[in-house]
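Participant: This is the structure I have questions about; it appears just below.
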Amino acid sequence: MSRIQQLTRWLALLLLAFGGSASAAGLDVVATTTQAADLLRVLSAGAGSLRITALMGAGVDPHLYQPTEADIAAMNAAEMVVYSGLHLEGQFETVFEALAEQGVTIYALSAPVKAAGFIIGGYDLSDALKDVDDPHFWFDPRNWQLTAAGLAAALADFDPPNAEIYQANAAAYSQQLDLLFDWADAGLRSIAERQRYLVTSHDAFQYFGAAFGWRMRAIQGLSTEDEAGVGDIQATVDFARAHDIPALFVESSIPPDTVQAVLEALRAEGKQARLGLRELYGDAMDAPESFGGTYIGMLAQNALTIMQSYACMGADVFIPAWPPALQPQPPEELWHAECDA
Ligand SMILES: [Zn+2]
């Protein structure tokens, strides 16, 4: 052993003996997706013991995201990695295996939802999707309640001194999600059932539809890894024409090309249709400090965008007042639909 190796070893022993690990003053937790990071922030509010690192930012597609060297180093140094699961983070699987071997706790947010049997759940689901683990489980707020309870229990096991805080935060958040569900449900179901088709770029919204009584039609499948072809675009054009779909929606984590191609084909036939007033949050939320960077804001903004876009095209829509107890409140400008913009 060289002198430098001896010195390094001695320093490491000294740190272990006296400093403990860096985690002595808290726990390092890594979140893969924006949704996972938001839930960790909500559940750990007031606990002060979690240091949360979020790997994916706003607008990032988790199906395609490759962990960087810095991501792998952060996960390696963490006590716990919280991810979505059901193969959403398709490029992480070998990294997770290696981390688990090194003793890092790898926690799948989807596990309690899968255990509860909410894996399929679509509204009027096509046979092709009936036996598939659809990774987009968070889009039903009732699934997110199960997710929050599951993560709170995992955090409580991991950090027993703060167990009561995690559990109390999960209980309070569950009440917020009840308010969110009722608000979105009243608005989205106010649209006539024959018009309730959500046409999007990829198939992220089956659970959203299951929750609020909408059928889905996506150009791409459940994962953006399968590329959309000319046939997929034509099939969506035919569908939108047959069902008189007034608005098509682009997702913030996916390039708009395919939805625009469908819209142009419809317009070339003289059909009245428009893009949604805003992009929908599909697999990624917005920046953490913004309304759409929270789960509640993300879901509420999607619901508002759908309701307002349909209303702009003449559909009968009832947009309910925001429950005063539900936080965060949508920013004022979200209530004003600029139909001509
Ligand atoms: Zn997706």
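By convention here, the chains of the structure tokens are called A, B, ... in the order presented, each chain's residues are numbered starting at 1, and ligands are numbered starting at 1 in the order presented.
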Counting only C-alpha atoms and all ligand atoms, give me one row per residue of chain A with an atom at most 8 Å from an atom of ligand 1, showing the shortest contact pair and its distance in Å to one decimal, sorted by chain then residue number, as CSV.

Facilitator:
residue,atom,partner,partner_atom_place_in_ligand_line,distance
A:Asp61,CA,ligand 1,1 (Zn),7.5
A:Pro62,CA,ligand 1,1 (Zn),7.3
A:His63,CA,ligand 1,1 (Zn),6.4
A:Leu88,CA,ligand 1,1 (Zn),6.7
A:Pro135,CA,ligand 1,1 (Zn),7.0
A:His136,CA,ligand 1,1 (Zn),6.3
A:His202,CA,ligand 1,1 (Zn),6.6
A:Asp203,CA,ligand 1,1 (Zn),6.5
A:Ala204,CA,ligand 1,1 (Zn),4.9
A:Leu222,CA,ligand 1,1 (Zn),5.7
A:Ser223,CA,ligand 1,1 (Zn),5.2
A:Thr224,CA,ligand 1,1 (Zn),6.4
A:Gly282,CA,ligand 1,1 (Zn),6.8
A:Asp283,CA,ligand 1,1 (Zn),5.2

Participant: Need the shell around Pro328 (chain A): protein/DNA/RNA residues with any atom at most 8 Å away, counting only C-alpha atoms. Skip same-chain ones fewer than 6 positions apart. Format as a PDB file with C-alpha atoms, in the first residue's frame?

Facilitator:
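Saved as selection_39.pdb:
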ATOM      1  CA  PHE A 291     -48.369  26.056 -10.734  1.00  0.00           C
ATOM      2  CA  ILE A 296     -52.307  19.422  -8.146  1.00  0.00           C
ATOM      3  CA  GLY A 297     -51.500  22.305 -10.494  1.00  0.00           C
TER       4      GLY A 297
END

Participant: So the first atom is CA of Thr147 (chain A) and the second is CA of Tyr295 (chain A); what is the distance between them in Å, to one decimal place?

Facilitator: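 Interatomic distance, CA of Thr147 (chain A) to CA of Tyr295 (chain A): 12.2 Å.
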
Participant: Measuring atom to atom with only C-alpha atoms, identify which of A:Ser44, A:Thr94, A:Gln308, A:Gln176 is nearest to Ala154 (chain A).

Facilitator: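 That would be A:Ser44, the residue with the smallest distance to Ala154 (chain A).
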
Participant: Near Thr200 (chain A), within 8 Å and counting only C-alpha atoms, which residues show up once chain neighbours fewer than 2 positions away are dropped, as a list in words?

Facilitator: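 What passes the distance filter is Leu198, His202, Asp203, Met216, Arg217, Ala218, Ile219, Leu248, Phe249, Val250, Glu251 and Val259 of chain A.
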
Participant: Please provide as a list in words all residues within 12 Å of Arg189 (chain A), with the sequence filter that same-chain residues fewer than 5 positions apart are discarded (counting only C-alpha atoms).

Facilitator: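 Listed by chain and then number, they are Phe181, Asp182, Trp183, Ala184, Arg194, Gln195, Arg196, Tyr197, Gly209, Ala210, Ala211, Phe212, Gly213, Trp214, Arg215, Ala303, Ile306, Met307, Asp316, Val317, Phe318, Ile319 and Pro320 of chain A.
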
Participant: With the cut-off set at 12 Å and counting only C-alpha atoms, tabulate each residue of region 46-67 of chain A with an atom at most that distance from an atom of region 155-159 of chain A, showing the nearest atom pair and its distance in Å to one decimal, ordered by chain and increasing number, as JSON lines.

Facilitator:
{"residue": "A:Ala47", "atom": "CA", "partner": "A:Asp159", "partner_atom": "CA", "distance": 9.7}
{"residue": "A:Gly48", "atom": "CA", "partner": "A:Asp159", "partner_atom": "CA", "distance": 11.2}
{"residue": "A:Ser49", "atom": "CA", "partner": "A:Asp159", "partner_atom": "CA", "distance": 8.4}
{"residue": "A:Leu50", "atom": "CA", "partner": "A:Asp159", "partner_atom": "CA", "distance": 9.2}

Participant: Which neighbours of Ala300 (chain A) fall inside 12 Å, counting only C-alpha atoms, when residues of the same chain fewer than 6 positions from it are skipped, and could you give them as a ChimeraX atom specification?

Facilitator: /A:139-141,177,179-185,187-188,208,280-281,285,291-294,306-308,319-323,326-331,334-335

Participant: Find the residues near Leu275 (chain A): any atom within 12 Å, counting only C-alpha atoms, skip ones fewer than 4 places away on the same chain, and give them as a CSV table (one decimal) with N, CA and C atoms, in the first residue's frame.

Facilitator:
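File around.csv, as written:
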chain,number,residue,atom,x,y,z
A,198,LEU,N,-60.2,12.4,-25.7
A,198,LEU,CA,-59.0,13.2,-25.6
A,198,LEU,C,-58.0,12.7,-26.6
A,199,VAL,N,-57.8,13.5,-27.6
A,199,VAL,CA,-56.8,13.1,-28.7
A,199,VAL,C,-55.5,13.8,-28.4
A,200,THR,N,-54.5,12.9,-28.2
A,200,THR,CA,-53.1,13.4,-27.8
A,200,THR,C,-52.0,12.7,-28.6
A,201,SER,N,-50.8,13.2,-28.4
A,201,SER,CA,-49.7,12.6,-29.1
A,201,SER,C,-49.3,11.2,-28.7
A,245,ILE,N,-64.1,15.6,-33.4
A,245,ILE,CA,-63.3,16.1,-32.3
A,245,ILE,C,-62.9,17.5,-32.5
A,246,PRO,N,-63.3,18.4,-31.5
A,246,PRO,CA,-63.0,19.8,-31.8
A,246,PRO,C,-61.6,20.3,-31.5
A,247,ALA,N,-60.9,19.6,-30.6
A,247,ALA,CA,-59.5,20.0,-30.2
A,247,ALA,C,-58.6,18.8,-30.0
A,248,LEU,N,-57.3,19.0,-30.5
A,248,LEU,CA,-56.3,18.0,-30.3
A,248,LEU,C,-55.2,18.6,-29.5
A,249,PHE,N,-54.6,17.8,-28.7
A,249,PHE,CA,-53.7,18.3,-27.7
A,249,PHE,C,-52.2,17.8,-27.8
A,250,VAL,N,-51.3,18.8,-27.7
A,250,VAL,CA,-49.9,18.5,-27.7
A,250,VAL,C,-49.4,18.3,-26.3
A,251,GLU,N,-48.5,17.4,-26.0
A,251,GLU,CA,-48.0,17.2,-24.6
A,251,GLU,C,-46.6,17.9,-24.5
A,256,PRO,N,-44.4,18.5,-31.2
A,256,PRO,CA,-45.8,18.6,-31.6
A,256,PRO,C,-46.1,18.1,-33.0
A,257,ASP,N,-45.0,17.7,-33.7
A,257,ASP,CA,-45.2,17.4,-35.2
A,257,ASP,C,-46.4,16.5,-35.5
A,258,THR,N,-46.5,15.4,-34.8
A,258,THR,CA,-47.6,14.4,-35.2
A,258,THR,C,-49.0,15.0,-35.0
A,259,VAL,N,-49.2,15.7,-33.9
A,259,VAL,CA,-50.5,16.3,-33.7
A,259,VAL,C,-50.8,17.4,-34.7
A,260,GLN,N,-49.7,18.1,-35.1
A,260,GLN,CA,-49.9,19.2,-36.1
A,260,GLN,C,-50.2,18.5,-37.5
A,261,ALA,N,-49.6,17.4,-37.8
A,261,ALA,CA,-49.9,16.7,-39.0
A,261,ALA,C,-51.3,16.3,-39.1
A,262,VAL,N,-51.9,15.8,-38.0
A,262,VAL,CA,-53.3,15.4,-37.9
A,262,VAL,C,-54.2,16.6,-38.1
A,263,LEU,N,-53.9,17.6,-37.4
A,263,LEU,CA,-54.7,18.8,-37.5
A,263,LEU,C,-54.7,19.4,-39.0
A,264,GLU,N,-53.5,19.4,-39.6
A,264,GLU,CA,-53.4,20.0,-41.0
A,264,GLU,C,-54.3,19.1,-41.9
A,266,LEU,N,-56.9,17.4,-41.2
A,266,LEU,CA,-58.3,17.6,-40.9
A,266,LEU,C,-58.7,18.9,-41.6
A,267,ARG,N,-57.9,20.0,-41.4
A,267,ARG,CA,-58.2,21.3,-42.0
A,267,ARG,C,-58.3,21.2,-43.5
A,279,GLU,N,-50.3,23.5,-24.1
A,279,GLU,CA,-49.9,22.1,-24.1
A,279,GLU,C,-50.4,21.4,-22.9
A,280,LEU,N,-50.6,20.1,-22.9
A,280,LEU,CA,-51.0,19.3,-21.7
A,280,LEU,C,-49.7,18.8,-21.1
A,305,THR,N,-57.4,23.3,-19.3
A,305,THR,CA,-57.1,23.5,-20.8
A,305,THR,C,-58.0,22.7,-21.7
A,306,ILE,N,-58.4,21.5,-21.2
A,306,ILE,CA,-59.3,20.7,-22.0
A,306,ILE,C,-60.7,21.4,-22.0
A,308,GLN,N,-61.5,24.5,-21.4
A,308,GLN,CA,-61.6,25.8,-22.1
A,308,GLN,C,-61.4,25.6,-23.6
A,309,SER,N,-60.6,24.7,-24.1
A,309,SER,CA,-60.4,24.4,-25.5
A,309,SER,C,-61.7,24.0,-26.1
A,310,TYR,N,-62.4,23.1,-25.4
A,310,TYR,CA,-63.7,22.6,-26.0
A,310,TYR,C,-64.7,23.8,-26.0
A,312,CYS,N,-64.1,26.9,-26.3
A,312,CYS,CA,-63.7,27.8,-27.5
A,312,CYS,C,-64.3,27.3,-28.8
A,313,MET,N,-64.5,26.0,-28.9
A,313,MET,CA,-65.1,25.4,-30.1
A,313,MET,C,-66.6,25.3,-30.0
A,339,CYS,N,-59.3,32.4,-26.8
A,339,CYS,CA,-59.7,31.4,-27.9
A,339,CYS,C,-59.0,31.7,-29.2
A,340,ASP,N,-58.7,33.0,-29.5
A,340,ASP,CA,-58.2,33.4,-30.8
A,340,ASP,C,-56.6,33.4,-30.8
A,341,ALA,N,-56.0,33.2,-29.7
A,341,ALA,CA,-54.5,33.3,-29.6
A,341,ALA,C,-53.9,32.1,-30.4

Participant: DSSP on the backbone: what in region 18-57 of chain A comes out strand (DSSP E), as an MDAnalysis selection string?

Facilitator: chainID A and resid 27:31 50:54

Participant: Just to be explicit: take each residue in the selection above, keep C-alpha atoms, and write the result as an mmCIF file, in the first residue's frame.

Facilitator:
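Result went into selection-v4.cif, see below:
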data_model
loop_
_atom_site.group_PDB
_atom_site.id
_atom_site.type_symbol
_atom_site.label_atom_id
_atom_site.label_comp_id
_atom_site.auth_asym_id
_atom_site.auth_seq_id
_atom_site.Cartn_x
_atom_site.Cartn_y
_atom_site.Cartn_z
ATOM 1 C CA LEU A 27 -31.115 11.648 4.108
ATOM 2 C CA ASP A 28 -30.212 11.988 0.465
ATOM 3 C CA VAL A 29 -33.127 10.957 -1.712
ATOM 4 C CA VAL A 30 -33.088 11.044 -5.505
ATOM 5 C CA ALA A 31 -36.303 11.399 -7.524
ATOM 6 C CA LEU A 50 -34.604 14.904 3.326
ATOM 7 C CA ARG A 51 -32.261 16.335 0.722
ATOM 8 C CA ILE A 52 -34.122 15.802 -2.542
ATOM 9 C CA THR A 53 -32.339 15.679 -5.886
ATOM 10 C CA ALA A 54 -34.602 15.664 -8.943
#

Participant: Pick out the closest residue to Ala36 (chain A) from this set: A:Leu86, A:Ala268, A:Ala148, A:Ala115. Count only C-alpha atoms.

Facilitator: A:Ala148
